[in-house]
>>> print(open('protein-v8.cif').read())   # mmCIF, C-alpha atoms
data_entry
loop_
_atom_site.label_atom_id
_atom_site.label_comp_id
_atom_site.auth_asym_id
_atom_site.auth_seq_id
_atom_site.Cartn_x
_atom_site.Cartn_y
_atom_site.Cartn_z
CA MET A 817 -108.82 -136.42 -0.75
CA VAL A 818 -110.64 -133.73 1.23
CA GLN A 819 -108.38 -131.71 3.49
CA THR A 820 -109.61 -130.61 6.88
CA ARG A 821 -108.48 -127.38 8.50
CA ASN A 822 -106.97 -127.18 11.96
CA THR A 823 -108.97 -124.31 13.44
CA SER A 824 -106.51 -123.42 16.16
CA ASN A 825 -103.64 -123.23 13.70
CA SER A 826 -105.67 -121.42 11.08
CA ARG A 827 -106.23 -118.46 13.36
CA LYS A 828 -102.51 -118.03 13.63
CA ARG A 829 -101.92 -118.76 9.96
CA TYR A 830 -104.38 -116.17 8.69
CA SER A 831 -103.53 -113.48 11.22
CA PRO A 832 -102.99 -110.26 9.25
CA ASP A 833 -100.10 -109.34 11.54
CA ILE A 834 -98.24 -112.54 10.64
CA ASN A 835 -99.27 -112.93 7.02
CA LEU A 836 -98.86 -109.36 5.83
CA ASN A 837 -97.88 -109.61 2.16
CA LEU A 838 -94.13 -109.29 1.83
CA ASN A 839 -94.62 -106.80 -1.00
CA VAL A 840 -96.49 -104.45 1.33
CA ARG A 841 -94.40 -104.94 4.46
CA GLY A 842 -92.20 -101.93 5.11
CA LEU A 843 -94.33 -99.55 3.05
CA GLY A 844 -95.87 -96.58 4.80
CA GLN A 845 -98.70 -94.32 3.78
CA SER A 846 -98.11 -92.23 0.66
CA ALA A 847 -95.76 -89.41 1.67
CA THR A 848 -97.96 -86.69 0.17
CA LEU A 849 -101.05 -87.87 2.05
CA GLU A 850 -99.08 -88.36 5.25
CA ILE A 851 -97.68 -84.81 5.26
CA ASN A 852 -101.14 -83.42 4.52
CA GLU A 853 -102.65 -85.23 7.51
CA LEU A 854 -99.74 -84.21 9.75
CA SER A 855 -100.14 -80.58 8.71
CA ALA A 856 -103.87 -80.70 9.45
CA GLU A 857 -103.18 -82.17 12.90
CA LEU A 858 -100.63 -79.45 13.74
CA ILE A 859 -103.10 -76.79 12.66
CA ARG A 860 -105.74 -78.34 14.94
CA GLN A 861 -103.19 -78.02 17.75
CA GLY A 862 -102.96 -74.29 17.08
CA ARG A 863 -99.65 -74.32 15.19
CA GLU A 864 -99.12 -72.06 12.19
CA VAL A 865 -98.30 -74.32 9.26
CA PHE A 866 -97.51 -73.45 5.65
CA ARG A 867 -98.86 -76.44 3.76
CA MET A 868 -96.36 -77.05 0.96
CA GLY A 869 -96.46 -80.85 1.16
CA LEU A 870 -99.52 -82.08 -0.74
CA GLY A 871 -99.63 -81.20 -4.44
CA GLN A 872 -103.30 -80.36 -4.79
CA SER A 873 -104.49 -77.73 -7.25
CA PRO A 874 -105.44 -74.50 -5.44
CA PHE A 875 -107.99 -73.62 -8.11
CA PRO A 876 -111.68 -74.56 -8.13
CA VAL A 877 -113.17 -76.88 -10.72
CA PRO A 878 -114.37 -74.73 -13.68
CA GLN A 879 -117.96 -73.74 -13.11
CA VAL A 880 -119.15 -75.13 -16.44
CA VAL A 881 -117.84 -78.55 -15.39
CA VAL A 882 -119.43 -78.27 -11.94
CA ASP A 883 -122.74 -77.39 -13.60
CA GLU A 884 -122.48 -80.49 -15.77
CA LEU A 885 -121.93 -82.63 -12.68
CA LYS A 886 -125.07 -81.17 -11.10
CA VAL A 887 -127.09 -81.95 -14.20
CA ASN A 888 -125.84 -85.54 -14.16
CA ALA A 889 -126.06 -86.24 -10.43
CA HIS A 890 -128.93 -88.62 -11.14
CA GLN A 891 -126.77 -90.93 -13.28
CA LYS A 892 -126.56 -94.18 -11.34
CA ALA A 893 -126.04 -97.00 -13.81
CA TYR A 894 -122.84 -99.02 -14.07
CA LEU A 895 -121.04 -97.67 -17.12
CA PRO A 896 -118.83 -99.74 -19.46
CA VAL A 897 -115.59 -100.95 -17.88
CA LYS A 898 -113.47 -99.01 -20.36
CA GLY A 899 -115.50 -95.88 -19.77
CA LEU A 900 -118.43 -94.02 -21.26
CA GLU A 901 -117.99 -94.04 -25.04
CA THR A 902 -118.88 -90.35 -25.33
CA LEU A 903 -116.19 -89.51 -22.79
CA ARG A 904 -113.62 -91.73 -24.49
CA THR A 905 -114.40 -89.95 -27.76
CA ALA A 906 -113.97 -86.56 -26.05
CA VAL A 907 -110.59 -87.64 -24.63
CA ALA A 908 -109.41 -88.88 -28.03
CA GLU A 909 -110.50 -85.63 -29.68
CA TYR A 910 -108.80 -83.61 -26.92
CA HIS A 911 -105.46 -85.31 -27.66
CA HIS A 912 -106.02 -84.75 -31.39
CA ARG A 913 -106.62 -81.02 -30.90
CA HIS A 914 -103.75 -80.46 -28.48
CA HIS A 915 -101.13 -83.00 -29.59
CA GLY A 916 -102.00 -83.92 -33.16
CA ILE A 917 -102.48 -87.58 -32.19
CA ASP A 918 -105.10 -89.33 -34.28
CA HIS A 919 -106.70 -92.04 -32.14
CA SER A 920 -110.31 -93.05 -31.57
CA ALA A 921 -112.42 -93.81 -28.52
CA ASP A 922 -111.25 -97.43 -28.80
CA ASN A 923 -107.75 -96.30 -27.78
CA VAL A 924 -108.93 -94.72 -24.49
CA LEU A 925 -109.33 -96.26 -21.06
CA ILE A 926 -111.06 -94.38 -18.22
CA GLY A 927 -110.33 -95.14 -14.57
CA PRO A 928 -110.90 -93.82 -11.05
CA GLY A 929 -107.77 -91.66 -11.17
CA SER A 930 -104.62 -92.10 -13.25
CA LYS A 931 -102.96 -93.53 -10.14
CA GLU A 932 -105.19 -96.62 -10.28
CA LEU A 933 -104.59 -97.02 -14.00
CA MET A 934 -100.82 -96.91 -13.46
CA PHE A 935 -101.10 -99.63 -10.85
CA ILE A 936 -103.10 -101.91 -13.13
CA LEU A 937 -100.70 -101.27 -16.03
CA GLN A 938 -97.81 -102.52 -13.92
CA LEU A 939 -99.91 -105.47 -12.81
CA VAL A 940 -100.62 -106.71 -16.35
CA TYR A 941 -97.28 -105.81 -17.98
CA TYR A 942 -94.45 -108.30 -17.58
CA GLY A 943 -91.34 -106.10 -17.80
CA ASP A 944 -89.16 -103.91 -15.59
CA LEU A 945 -90.30 -100.51 -14.41
CA VAL A 946 -87.74 -97.77 -15.14
CA ILE A 947 -88.10 -94.59 -13.11
CA PRO A 948 -86.04 -91.40 -13.40
CA THR A 949 -85.13 -90.02 -10.00
CA PRO A 950 -86.47 -87.81 -8.52
CA SER A 951 -89.98 -88.94 -9.38
CA TRP A 952 -93.53 -88.87 -8.03
CA VAL A 953 -93.79 -90.68 -4.72
CA SER A 954 -96.17 -93.50 -5.80
CA TYR A 955 -94.47 -94.98 -8.88
CA ALA A 956 -91.97 -97.09 -6.94
CA PRO A 957 -94.29 -98.19 -4.09
CA GLN A 958 -96.82 -99.43 -6.64
CA ALA A 959 -94.13 -101.51 -8.34
CA HIS A 960 -93.00 -102.80 -4.95
CA ILE A 961 -96.53 -103.88 -4.03
CA ILE A 962 -96.92 -105.75 -7.31
CA GLY A 963 -93.43 -107.25 -7.13
CA ARG A 964 -92.02 -105.58 -10.25
CA HIS A 965 -88.29 -105.02 -10.62
CA ILE A 966 -87.43 -101.31 -10.43
CA ARG A 967 -84.55 -99.67 -12.28
CA TRP A 968 -83.68 -96.11 -11.34
CA LEU A 969 -82.38 -93.61 -13.90
CA PRO A 970 -80.22 -90.90 -12.31
CA THR A 971 -80.66 -87.23 -13.13
CA CYS A 972 -78.94 -84.12 -11.78
CA SER A 973 -79.83 -80.59 -10.74
CA THR A 974 -77.58 -79.04 -13.41
CA ASN A 975 -79.91 -80.52 -16.06
CA CYS A 976 -83.07 -79.49 -14.22
CA TRP A 977 -83.45 -83.11 -13.02
CA LYS A 978 -84.37 -84.29 -16.54
CA VAL A 979 -83.50 -87.75 -17.84
CA THR A 980 -81.34 -87.84 -20.98
CA PRO A 981 -81.18 -90.24 -23.95
CA GLU A 982 -77.66 -91.21 -22.87
CA GLU A 983 -78.93 -92.44 -19.49
CA ILE A 984 -81.61 -94.56 -21.18
CA GLU A 985 -78.99 -95.89 -23.60
CA ARG A 986 -76.69 -96.94 -20.77
CA LEU A 987 -79.53 -98.79 -19.09
CA CYS A 988 -80.77 -100.63 -22.18
CA GLU A 989 -77.64 -101.44 -24.16
CA SER A 990 -76.51 -104.32 -21.91
CA ASP A 991 -79.85 -106.16 -22.34
CA PRO A 992 -81.54 -104.61 -25.37
CA GLN A 993 -84.37 -107.15 -25.68
CA ARG A 994 -85.58 -106.85 -22.09
CA PRO A 995 -89.18 -105.58 -21.86
CA ARG A 996 -89.38 -102.26 -20.02
CA ILE A 997 -91.78 -99.49 -19.13
CA ILE A 998 -90.06 -96.12 -18.74
CA ILE A 999 -92.03 -93.43 -16.94
CA LEU A 1000 -91.67 -89.93 -18.29
CA ASN A 1001 -93.42 -87.26 -16.21
CA TYR A 1002 -93.49 -83.65 -17.38
CA PRO A 1003 -94.06 -80.94 -16.38
CA ASN A 1004 -92.38 -82.80 -13.61
CA ASN A 1005 -93.39 -83.60 -10.07
CA PRO A 1006 -91.27 -82.78 -8.01
CA SER A 1007 -89.11 -80.32 -10.01
CA GLY A 1008 -91.59 -78.31 -12.09
CA CYS A 1009 -89.24 -78.75 -15.08
CA SER A 1010 -90.36 -79.82 -18.55
CA PHE A 1011 -88.92 -80.98 -21.87
CA SER A 1012 -88.57 -79.04 -25.11
CA ALA A 1013 -89.68 -80.56 -28.40
CA SER A 1014 -86.05 -81.13 -29.44
CA GLU A 1015 -85.33 -82.97 -26.18
CA LEU A 1016 -88.40 -85.15 -26.67
CA LYS A 1017 -87.35 -86.07 -30.21
CA LYS A 1018 -83.98 -87.35 -28.94
CA LEU A 1019 -85.64 -89.32 -26.13
CA ALA A 1020 -88.10 -90.79 -28.64
CA ARG A 1021 -85.29 -92.01 -30.92
CA THR A 1022 -83.65 -93.89 -28.06
CA ALA A 1023 -86.97 -95.33 -26.85
CA ARG A 1024 -87.75 -96.56 -30.36
CA LYS A 1025 -84.27 -98.12 -30.71
CA TYR A 1026 -84.94 -100.37 -27.71
CA ARG A 1027 -88.70 -100.70 -28.27
CA VAL A 1028 -89.48 -99.66 -24.72
CA VAL A 1029 -93.00 -98.75 -23.65
CA LEU A 1030 -93.15 -95.13 -22.57
CA LEU A 1031 -95.72 -94.21 -19.94
CA SER A 1032 -95.89 -90.48 -20.49
CA ASP A 1033 -97.46 -89.02 -17.37
CA GLU A 1034 -98.77 -85.71 -18.68
CA ILE A 1035 -101.20 -84.97 -15.87
CA TYR A 1036 -99.65 -81.47 -15.58
CA GLY A 1037 -99.51 -80.87 -19.34
CA GLU A 1038 -102.15 -78.15 -19.37
CA LEU A 1039 -100.29 -76.41 -16.55
CA HIS A 1040 -97.18 -75.74 -18.62
CA HIS A 1041 -96.67 -72.12 -17.61
CA GLU A 1042 -96.46 -70.87 -21.20
CA GLY A 1043 -99.10 -73.24 -22.53
CA HIS A 1044 -96.48 -74.93 -24.73
CA HIS A 1045 -96.73 -78.56 -23.64
CA VAL A 1046 -95.73 -81.10 -26.30
CA SER A 1047 -96.48 -84.83 -25.98
CA ILE A 1048 -93.67 -87.27 -26.75
CA ALA A 1049 -96.35 -89.42 -28.40
CA LYS A 1050 -96.04 -87.02 -31.32
CA PHE A 1051 -92.52 -88.41 -31.94
CA TYR A 1052 -92.95 -91.99 -30.69
CA PRO A 1053 -96.63 -92.73 -31.31
CA GLU A 1054 -96.32 -96.51 -31.58
CA GLY A 1055 -94.82 -96.98 -28.12
CA THR A 1056 -96.29 -94.24 -25.93
CA ILE A 1057 -99.19 -94.41 -23.51
CA ILE A 1058 -100.36 -90.95 -22.43
CA SER A 1059 -101.63 -90.66 -18.87
CA SER A 1060 -103.81 -87.71 -17.91
CA GLY A 1061 -106.96 -86.88 -15.96
CA LEU A 1062 -108.86 -84.12 -14.19
CA SER A 1063 -106.95 -83.78 -10.92
CA LYS A 1064 -104.37 -81.10 -11.76
CA TRP A 1065 -105.41 -78.90 -14.67
CA CYS A 1066 -109.10 -79.11 -13.83
CA GLY A 1067 -108.67 -78.80 -10.05
CA ALA A 1068 -110.68 -81.99 -9.50
CA GLY A 1069 -108.33 -84.27 -7.57
CA GLY A 1070 -111.09 -85.59 -5.33
CA TRP A 1071 -113.28 -86.48 -8.30
CA ARG A 1072 -110.87 -89.32 -9.15
CA LEU A 1073 -110.98 -89.58 -12.92
CA GLY A 1074 -107.95 -90.63 -14.95
CA THR A 1075 -107.41 -91.36 -18.64
CA PHE A 1076 -104.96 -93.52 -20.60
CA LEU A 1077 -104.53 -93.13 -24.36
CA PHE A 1078 -102.96 -96.17 -26.09
CA PRO A 1079 -101.54 -96.57 -29.58
CA ASP A 1080 -103.02 -99.34 -31.74
CA SER A 1081 -99.93 -101.49 -31.16
CA LEU A 1082 -100.59 -101.54 -27.41
CA LYS A 1083 -104.33 -102.14 -27.43
CA TRP A 1084 -103.65 -105.57 -26.02
CA LEU A 1085 -102.49 -103.81 -22.84
CA LEU A 1086 -105.67 -101.73 -22.76
CA ASN A 1087 -107.77 -104.87 -23.07
CA ALA A 1088 -105.78 -106.68 -20.37
CA MET A 1089 -106.20 -103.74 -18.03
CA ALA A 1090 -109.94 -103.67 -18.70
CA VAL A 1091 -110.16 -107.31 -17.60
CA VAL A 1092 -108.52 -106.43 -14.27
CA ALA A 1093 -110.73 -103.36 -13.94
CA SER A 1094 -113.84 -105.49 -14.41
CA GLU A 1095 -112.84 -107.56 -11.39
CA THR A 1096 -111.73 -104.66 -9.18
CA TYR A 1097 -113.34 -101.23 -9.51
CA THR A 1098 -115.93 -102.23 -12.18
CA ALA A 1099 -116.29 -98.71 -13.59
CA SER A 1100 -115.57 -95.10 -12.73
CA SER A 1101 -118.29 -92.95 -11.16
CA ALA A 1102 -121.08 -92.27 -13.64
CA PRO A 1103 -121.81 -88.61 -12.73
CA ILE A 1104 -118.08 -87.79 -12.85
CA GLN A 1105 -117.70 -89.36 -16.28
CA PHE A 1106 -120.59 -87.36 -17.69
CA ALA A 1107 -119.17 -84.13 -16.24
CA ALA A 1108 -115.70 -84.95 -17.58
CA ILE A 1109 -117.06 -84.85 -21.13
CA ARG A 1110 -117.54 -81.11 -20.69
CA ALA A 1111 -114.00 -80.69 -19.38
CA PHE A 1112 -112.33 -82.53 -22.26
CA ASN A 1113 -114.51 -80.86 -24.89
CA GLY A 1114 -112.87 -77.56 -23.89
CA GLY A 1115 -114.24 -74.26 -25.13
CA LEU A 1116 -113.81 -70.59 -24.31
CA GLU A 1117 -114.63 -70.96 -20.60
CA ILE A 1118 -112.11 -73.77 -20.13
CA GLU A 1119 -109.39 -71.96 -22.08
CA ASP A 1120 -109.91 -68.76 -20.10
CA TYR A 1121 -109.68 -70.74 -16.86
CA LEU A 1122 -106.43 -72.38 -18.00
CA GLN A 1123 -104.82 -69.15 -19.15
CA ARG A 1124 -105.52 -67.48 -15.83
CA SER A 1125 -104.38 -70.51 -13.84
CA ARG A 1126 -101.10 -70.61 -15.76
CA LYS A 1127 -100.64 -66.89 -15.27
CA VAL A 1128 -100.85 -67.18 -11.49
CA LEU A 1129 -98.62 -70.25 -11.30
CA ARG A 1130 -96.04 -68.78 -13.68
CA ALA A 1131 -95.66 -65.54 -11.74
CA LEU A 1132 -95.70 -67.23 -8.34
CA GLY A 1133 -93.23 -69.97 -9.32
CA ARG A 1134 -90.77 -67.45 -10.74
CA SER A 1135 -91.05 -65.20 -7.71
CA LEU A 1136 -90.45 -68.03 -5.24
CA ALA A 1137 -87.52 -69.47 -7.23
CA SER A 1138 -85.94 -66.02 -7.42
CA ARG A 1139 -86.23 -65.53 -3.64
CA LEU A 1140 -84.66 -68.92 -2.98
CA LYS A 1141 -81.78 -68.16 -5.36
CA GLU A 1142 -81.17 -64.90 -3.55
CA ALA A 1143 -80.94 -66.88 -0.32
CA GLY A 1144 -78.19 -69.05 -1.85
CA VAL A 1145 -80.27 -72.14 -2.69
CA ARG A 1146 -79.64 -74.08 -5.91
CA ILE A 1147 -82.91 -74.26 -7.81
CA SER A 1148 -84.25 -74.40 -11.36
CA GLN A 1149 -87.01 -72.05 -12.42
CA PRO A 1150 -90.21 -74.08 -12.78
CA GLN A 1151 -91.68 -74.38 -16.26
CA GLY A 1152 -94.97 -75.99 -15.29
CA ALA A 1153 -97.15 -77.45 -12.53
CA PHE A 1154 -96.80 -75.96 -9.01
CA TYR A 1155 -93.62 -77.43 -7.56
CA LEU A 1156 -90.11 -76.36 -6.57
CA PHE A 1157 -87.28 -78.77 -5.83
CA PRO A 1158 -84.56 -76.77 -4.04
CA ASP A 1159 -81.12 -78.21 -3.32
CA PHE A 1160 -79.53 -77.02 -0.06
CA ASP A 1161 -76.10 -78.58 -0.65
CA GLY A 1162 -74.49 -75.13 -0.41
CA PHE A 1163 -75.54 -75.05 3.25
CA ARG A 1164 -74.30 -78.54 4.08
CA GLU A 1165 -71.76 -77.49 6.68
CA GLN A 1166 -74.12 -75.08 8.43
CA LEU A 1167 -76.88 -77.70 8.46
CA ARG A 1168 -74.50 -80.36 9.77
CA SER A 1169 -73.69 -78.09 12.71
CA LYS A 1170 -77.41 -78.28 13.57
CA GLY A 1171 -77.43 -82.08 13.28
CA ILE A 1172 -79.03 -82.08 9.82
CA GLU A 1173 -77.35 -84.48 7.42
CA ASN A 1174 -80.13 -85.78 5.18
CA SER A 1175 -83.35 -84.67 3.53
CA VAL A 1176 -85.65 -86.25 6.15
CA GLN A 1177 -83.91 -84.39 8.97
CA LEU A 1178 -84.03 -81.21 6.90
CA SER A 1179 -87.77 -81.41 6.24
CA THR A 1180 -88.47 -82.32 9.88
CA ARG A 1181 -86.52 -79.36 11.22
CA LEU A 1182 -88.11 -76.98 8.74
CA LEU A 1183 -91.55 -77.99 9.99
CA GLU A 1184 -90.50 -77.75 13.65
CA GLU A 1185 -88.64 -74.44 13.42
CA THR A 1186 -90.42 -72.52 10.65
CA GLY A 1187 -93.83 -74.18 10.27
CA ILE A 1188 -93.08 -74.99 6.61
CA ALA A 1189 -94.37 -78.46 5.67
CA VAL A 1190 -92.39 -79.94 2.77
CA LEU A 1191 -91.45 -83.42 1.59
CA PRO A 1192 -87.89 -84.77 1.70
CA GLY A 1193 -86.15 -85.57 -1.56
CA SER A 1194 -85.77 -89.17 -0.41
CA SER A 1195 -89.55 -89.59 -0.80
CA PHE A 1196 -89.00 -89.05 -4.53
CA GLY A 1197 -86.25 -91.64 -4.90
CA CYS A 1198 -83.29 -89.34 -4.27
CA ASP A 1199 -80.30 -90.39 -2.20
CA PRO A 1200 -81.32 -89.45 1.36
CA GLU A 1201 -78.03 -87.59 1.83
CA LEU A 1202 -78.94 -85.16 -0.95
CA LEU A 1203 -80.30 -82.10 0.82
CA THR A 1204 -83.36 -81.68 -1.37
CA VAL A 1205 -87.03 -81.08 -0.59
CA ARG A 1206 -90.17 -80.62 -2.64
CA MET A 1207 -92.26 -77.52 -2.10
CA ALA A 1208 -95.81 -77.36 -3.52
CA TYR A 1209 -96.78 -73.69 -3.81
CA VAL A 1210 -100.54 -74.17 -3.55
CA ASP A 1211 -101.36 -72.85 -0.07
CA PHE A 1212 -103.55 -69.94 -1.16
CA ASP A 1213 -107.15 -69.22 -2.15
CA GLY A 1214 -107.11 -70.12 -5.82
CA ALA A 1215 -110.69 -69.01 -6.51
CA ARG A 1216 -109.94 -65.56 -5.11
CA ALA A 1217 -106.68 -65.29 -7.08
CA LEU A 1218 -108.33 -66.36 -10.33
CA ALA A 1219 -111.12 -63.82 -9.90
CA ALA A 1220 -108.57 -61.06 -9.24
CA THR A 1221 -106.68 -61.79 -12.47
CA ARG A 1222 -109.67 -60.40 -14.36
CA GLU A 1223 -108.60 -56.96 -13.19
CA VAL A 1224 -105.21 -57.41 -14.86
CA PRO A 1225 -104.84 -57.40 -18.68
CA LEU A 1226 -104.22 -60.96 -19.88
CA ALA A 1227 -100.93 -60.01 -21.57
CA GLU A 1228 -99.61 -58.30 -18.43
CA GLU A 1229 -97.58 -60.25 -15.87
CA LEU A 1230 -98.82 -60.27 -12.29
CA SER A 1231 -96.99 -57.93 -9.94
CA GLN A 1232 -95.25 -58.81 -6.71
CA GLU A 1233 -97.94 -56.83 -4.91
CA PHE A 1234 -100.62 -59.03 -6.49
CA LEU A 1235 -98.79 -62.17 -5.41
CA GLN A 1236 -98.26 -60.86 -1.90
CA PHE A 1237 -101.95 -60.05 -1.51
CA TYR A 1238 -103.53 -63.10 -3.19
CA CYS A 1239 -100.82 -65.78 -2.78
CA GLY A 1240 -99.39 -64.71 0.55
CA GLY A 1241 -98.95 -68.17 2.06
CA PRO A 1242 -96.19 -69.46 -0.25
CA ILE A 1243 -94.54 -66.01 -0.34
CA GLU A 1244 -94.36 -65.85 3.46
CA ALA A 1245 -93.15 -69.45 3.68
CA VAL A 1246 -90.22 -68.83 1.34
CA ASN A 1247 -89.36 -65.59 3.12
CA ARG A 1248 -89.24 -67.49 6.41
CA LEU A 1249 -87.07 -70.13 4.81
CA GLY A 1250 -84.69 -67.44 3.59
CA ASP A 1251 -84.50 -65.93 7.08
CA TRP A 1252 -83.86 -69.37 8.58
CA LEU A 1253 -80.98 -69.92 6.18
CA SER A 1254 -79.57 -66.48 6.98
CA GLU A 1255 -79.53 -67.36 10.66
CA LEU A 1256 -77.63 -70.57 9.83
CA SER A 1257 -74.90 -68.54 8.17
CA ALA A 1258 -74.71 -65.86 10.87
#
>>> encode(input="protein-v8.cif", output="structure tokens")
Amino acid sequence: MVQTRNTSNSRKRYSPDINLNLNVRGLGQSATLEINELSAELIRQGREVFRMGLGQSPFPVPQVVVDELKVNAHQKAYLPVKGLETLRTAVAEYHHRHHGIDHSADNVLIGPGSKELMFILQLVYYGDLVIPTPSWVSYAPQAHIIGRHIRWLPTCSTNCWKVTPEEIERLCESDPQRPRIIILNYPNNPSGCSFSASELKKLARTARKYRVVLLSDEIYGELHHEGHHVSIAKFYPEGTIISSGLSKWCGAGGWRLGTFLFPDSLKWLLNAMAVVASETYTASSAPIQFAAIRAFNGGLEIEDYLQRSRKVLRALGRSLASRLKEAGVRISQPQGAFYLFPDFDGFREQLRSKGIENSVQLSTRLLEETGIAVLPGSSFGCDPELLTVRMAYVDFDGARALAATREVPLAEELSQEFLQFYCGGPIEAVNRLGDWLSELSA
């Protein structure tokens, strides 16, 4: 029987206001993008704003990679869904050189940013998503959109906000056969902390015991401040998917190119994701893929760029953490990336006297009274009453700072004078924060 449609009712039925998907209702714009747009608007209004909200690399894309993009600007064909084979080979060889993981191009999937690949992974996988808290702002919203069940793993500041094997054990032991993806992100956004090889071995043993799938988000791996990043896939190769891309270590966030490396045992997930990709984004940008080959092939120019980037971030992160500690803030020294995750619990009473009782109120008042734009800890899955914020120390001219490091011997640490001159924005922001806290205690 053919059904006819009531036109008058159909207008109401298909109204986007009424039929907004329940999985999307209640979600706002990504917190990092929202704070970036708010900061830009305040600056247009003439306000002085220290932009410590969006975690975007301050450094330019390496020139050799930019040159490769120029050479390949004419590339216009649709590339294979899984990605250009030459690029997938370069990604596999990169992980072999850096992590000792022996996979081929067939184990690699290329996408328009690792964020999109994470979304599709959750879409095709049938288990729970397990997220340590605090965590990057988009893991949980993606799961919410798809309708996946989220399990939070608690961490604490005394352990540098790192998940432990015991916490994974407690989660899994009551239902050991339940399929799960556990996200492990290190160096971590929002804390800047990372794992040692011994810590990763213990986590790997527990993951193997319960046969969980580990999504190891190593997008900041090359920005480990000492260059000592270790992949957990080295200790749990059969169950780990490594997520990476160009946005952080290569300064190419707007290029939107992400990579997933799968073990042979999880190739079925790669193939399932490729099916979804074929019906959604089709393929990643051709010119970007050709340029990315140069980035993942490495070489002297890339290594020099990375060493100098790490040098700036290491010195700046330590300086800012030290200043915050002097002001009485609880904070761990960052080991990678470009983030700080200070805890203001020691100022709870003083903040309460100003009507500040949660992280949203704290971040709002900081922006209003000091011009410092940060994100509240609640955006990263923390209890809103925890007085935490994330600070991205990237508000400086990275090209200028990198060029200036050539005047300093590579083995020599950057001085406070260097940081003040070339990275003045974050330094001034933290000084203002310290003064603001002093006034609270006066």
>>> atom_distance(input="protein-v8.cif", atom1="CA of Asp1161 in chain A", atom2="CA of Glu1201 in chain A")
9.5 Å
>>> resolve_selection(input="protein-v8.cif", expression="the PyMOL selection byres ((chain A and resi 913-924) around 7)", output="PyMOL selection string")
chain A and resi 901+904-905+908-912+925-926+1046-1047+1050+1075-1080+1083
>>> residues_around(input="protein-v8.cif", residues="Gln879 in chain A", least_positions_apart="6", cutoff="12 Å", atoms="only C-alpha atoms", output="list in words")
Leu885, Lys886, Cys1066, Gly1067, Ala1068, Ala1107, Arg1110, Ala1111, Glu1117, Ile1118, Asp1120, Tyr1121 and Ala1215 of chain A
>>> write_last_selection(input="protein-v8.cif", atoms="C-alpha atoms", output="tab-separated table (two decimals), keeping the file's coordinate frame")
chain	number	residue	atom	x	y	z
A	885	LEU	CA	-121.93	-82.63	-12.68
A	886	LYS	CA	-125.07	-81.17	-11.10
A	1066	CYS	CA	-109.10	-79.11	-13.83
A	1067	GLY	CA	-108.67	-78.80	-10.05
A	1068	ALA	CA	-110.68	-81.99	-9.50
A	1107	ALA	CA	-119.17	-84.13	-16.24
A	1110	ARG	CA	-117.54	-81.11	-20.69
A	1111	ALA	CA	-114.00	-80.69	-19.38
A	1117	GLU	CA	-114.63	-70.96	-20.60
A	1118	ILE	CA	-112.11	-73.77	-20.13
A	1120	ASP	CA	-109.91	-68.76	-20.10
A	1121	TYR	CA	-109.68	-70.74	-16.86
A	1215	ALA	CA	-110.69	-69.01	-6.51
>>> closest_residue(input="protein-v8.cif", among="A:Ala1090, A:Leu1031, A:Ile961, A:Val953", to="Gly871 in chain A", atoms="all atoms listed in the file")
A:Val953
>>> closest_residue(input="protein-v8.cif", among="A:Ala1049, A:Ala1108, A:Val1176, A:Ala1131", to="Glu1228 in chain A", atoms="all atoms listed in the file")
A:Ala1131
>>> closest_residue(input="protein-v8.cif", among="A:Pro1003, A:Gly1152, A:Gly862, A:Pro878", to="Leu1116 in chain A", atoms="only C-alpha atoms")
A:Pro878
>>> closest_residue(input="protein-v8.cif", among="A:Phe1163, A:Tyr1155, A:Tyr941, A:Trp977", to="Gly963 in chain A", atoms="all atoms listed in the file")
A:Tyr941
>>> closest_residue(input="protein-v8.cif", among="A:Ser1254, A:Thr1096, A:Ser855, A:Gln1236", to="Gly1187 in chain A", atoms="all atoms listed in the file")
A:Ser855
>>> closest_residue(input="protein-v8.cif", among="A:Ile1243, A:Ala893, A:Val907, A:Val1092", to="Ser1135 in chain A", atoms="all atoms listed in the file")
A:Ile1243
>>> resolve_selection(input="protein-v8.cif", expression="the PyMOL selection byres ((chain A and resi 1217) around 10)", output="list in words")
Pro874, Phe875, Arg1124, Ser1125, Val1128, Phe1212, Asp1213, Gly1214, Ala1215, Arg1216, Leu1218, Ala1219, Ala1220, Thr1221, Arg1222, Phe1234, Leu1235, Phe1237, Tyr1238 and Cys1239 of chain A
>>> residues_around(input="protein-v8.cif", residues="Lys1025 in chain A", least_positions_apart="6", cutoff="12 Å", atoms="only C-alpha atoms", output="list in words")
Pro981, Ile984, Glu985, Cys988, Glu989, Pro992, Gln993, Lys1018, Leu1019, Tyr1052 and Gly1055 of chain A
>>> atom_distance(input="protein-v8.cif", atom1="CA of Pro1192 in chain A", atom2="CA of Ser1175 in chain A")
4.9 Å
>>> atom_distance(input="protein-v8.cif", atom1="CA of Ser1060 in chain A", atom2="CA of Asn1001 in chain A")
10.5 Å
>>> resolve_selection(input="protein-v8.cif", expression="the PyMOL selection byres ((chain A and resi 894) around 10)", output="list in words")
Gln891, Lys892, Ala893, Leu895, Pro896, Val897, Gly899, Leu900, Thr1098, Ala1099, Ser1100, Ser1101 and Ala1102 of chain A
>>> residues_around(input="protein-v8.cif", residues="Glu1185 in chain A", least_positions_apart="6", cutoff="10 Å", atoms="only C-alpha atoms", output="list in words")
Arg1248, Leu1249 and Trp1252 of chain A
>>> residues_around(input="protein-v8.cif", residues="Ile1048 in chain A", least_positions_apart="3", cutoff="10 Å", atoms="only C-alpha atoms", output="PyMOL selection string")
chain A and resi 915+1000+1011-1013+1015-1020+1030-1032+1034+1045+1051-1053+1055-1058
